[in-house]
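To keep things clear, I will list the structure first and then write my remarks on it.
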Amino acid sequence: MLKVGSAPGNRVTPYSVIDLGSNTIHLLVGEVNDGVVLPVTTEKVSARLGSGVDATGRIEEARIPIAAEVVKLFAQLAALNGAFETTVLATSAVRDAENGPVLIEKVRKKTGLKMCLISGEEEAVLGFRGAFCTLESDFPREAPALVVDLGGGSAQLILGDIKTGPQKQVSLPLGSNRLTERYVKHDPPEPKELETLRETVLGVLPRWNLPEETAVVAIGGSARAILRLARHQLTAEGLRKLVVKTSTKPSAVLARDEGLAPERARVLPAAITTLAAVLEHFGRSSITVGRGGIREGAVLTMYYEARDRENSTGET
């Protein structure tokens, strides 16, 4: 496994990642400099591949050709921006759908690219790697950290530190879309719905004994949206207040008032409740939001693998 904190040398060749998430398809073209991924360009399209997957076990048929077209467009944009290599990642929505292979084959025929259907554990490692490369310089990098990658279909929890990498990881069915579809039947949600959701989250979180100095880091689109709403460090008490704030108006109104995508606003109460439950479960008082994630982690991985290949070739 690649070392999370390895020095990358001076390569500035862009790499690109196309990430098919439960809510959004993202493109990141990035360069690596001193262990940091610097974006060259980013794009996103809301395709909502995960919509209904928890209930039906299938991606809606109409979304498959649209997703393939988006991947084709993003691959062309990556090439125009000088990307040396493009990786297409599929996470929970495709992983959990019985017709996920149909989308994978559609993308292959449309673009010639092989989609990587990554496991929850692989997703956790990439998220951990990407989280650390975008944290502020004053973040305590010697101490352990619990990274919570909150996606639409699943959540990855990864315990480790910047030097040794992940030490424990688990993938759980706690994505914001999945929890909203299962437990939130009203818009805005009723308090009893969110309480049931909270109890569900608490019931499946791992019973890890965290070192006292462990920081909690949240990554993913919902985590970034939550930080935008809070506008300051997220504390346990602040998250509880934010649940109330986002549960007193319909999601369409919340989206309009806060400048959020409607599909993101709809799942925010579930996302906030989940992060508050994580802090409650592990006895932590605050959470830091990282702006990196699996896309940054994948760019770093491609960079290190290319560097290792070059070094190996040079030694022979």
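Labeling convention for the structure tokens: chains A, B, ... as they appear, residues from 1 per chain, ligands from 1 in order of appearance.
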DSSP on the backbone, alpha helix (DSSP H) only: what residues of range 118-302 of chain A does that give? Format it as a ChimeraX atom specification. /A:120-132,176-183,191-204,221-230,236-246,251-258,262-282,294-302
Under the rule of at most 12 Å, produce a per-residue listing of range 5-58 of chain A near range 265-280 of chain A: chain, number, name, the closest pair of atoms, and the distance in Å, as JSON lines, using only C-alpha atoms.
{"residue": "A:Ser22", "atom": "CA", "partner": "A:Val267", "partner_atom": "CA", "distance": 11.8}
{"residue": "A:Asn23", "atom": "CA", "partner": "A:Val267", "partner_atom": "CA", "distance": 10.2}
{"residue": "A:Ser51", "atom": "CA", "partner": "A:Val267", "partner_atom": "CA", "distance": 11.7}
Mind checking which residues fall within 12 Å of range 189-205 of chain A, counting only C-alpha atoms, ignoring those fewer than 2 positions away in the same chain, and posting them as a VMD selection string? chain A and resid 148 154 to 158 169 to 176 178 to 187 207 to 209 240 243 to 251 265 to 282
Quick check, in Å to one decimal: how far apart do CA of Leu20 in chain A and CA of Glu69 in chain A lie? 12.2 Å
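Among A:Arg108, A:Pro211, A:Lys72, A:Ala83, the residue with the shortest atom-to-atom distance to Glu31 in chain A, counting only C-alpha atoms, is A:Ala83.
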With the cut-off set at 6 Å and counting only C-alpha atoms, tabulate each residue of range 115-172 of chain A with an atom at most that distance from an atom of range 283-295 of chain A, showing the nearest atom pair and its distance in Å to one decimal, ordered by chain and increasing number, as CSV.
residue,atom,partner,partner_atom,distance
A:Leu126,CA,A:Ile294,CA,4.7
A:Gly127,CA,A:Ile294,CA,4.2
A:Gly130,CA,A:Gly293,CA,4.4
A:Ala131,CA,A:Gly292,CA,4.6
A:Thr134,CA,A:Gly292,CA,5.4
A:Leu135,CA,A:Gly290,CA,5.7
Same residues, C-alpha atoms, saved as a CSV table (one decimal), in the first residue's frame:
chain,number,residue,atom,x,y,z
A,126,LEU,CA,-9.0,6.7,-0.8
A,127,GLY,CA,-11.1,9.0,1.4
A,130,GLY,CA,-7.6,12.6,0.2
A,131,ALA,CA,-8.9,14.0,3.5
A,134,THR,CA,-6.5,19.2,2.0
A,135,LEU,CA,-6.5,19.9,5.8
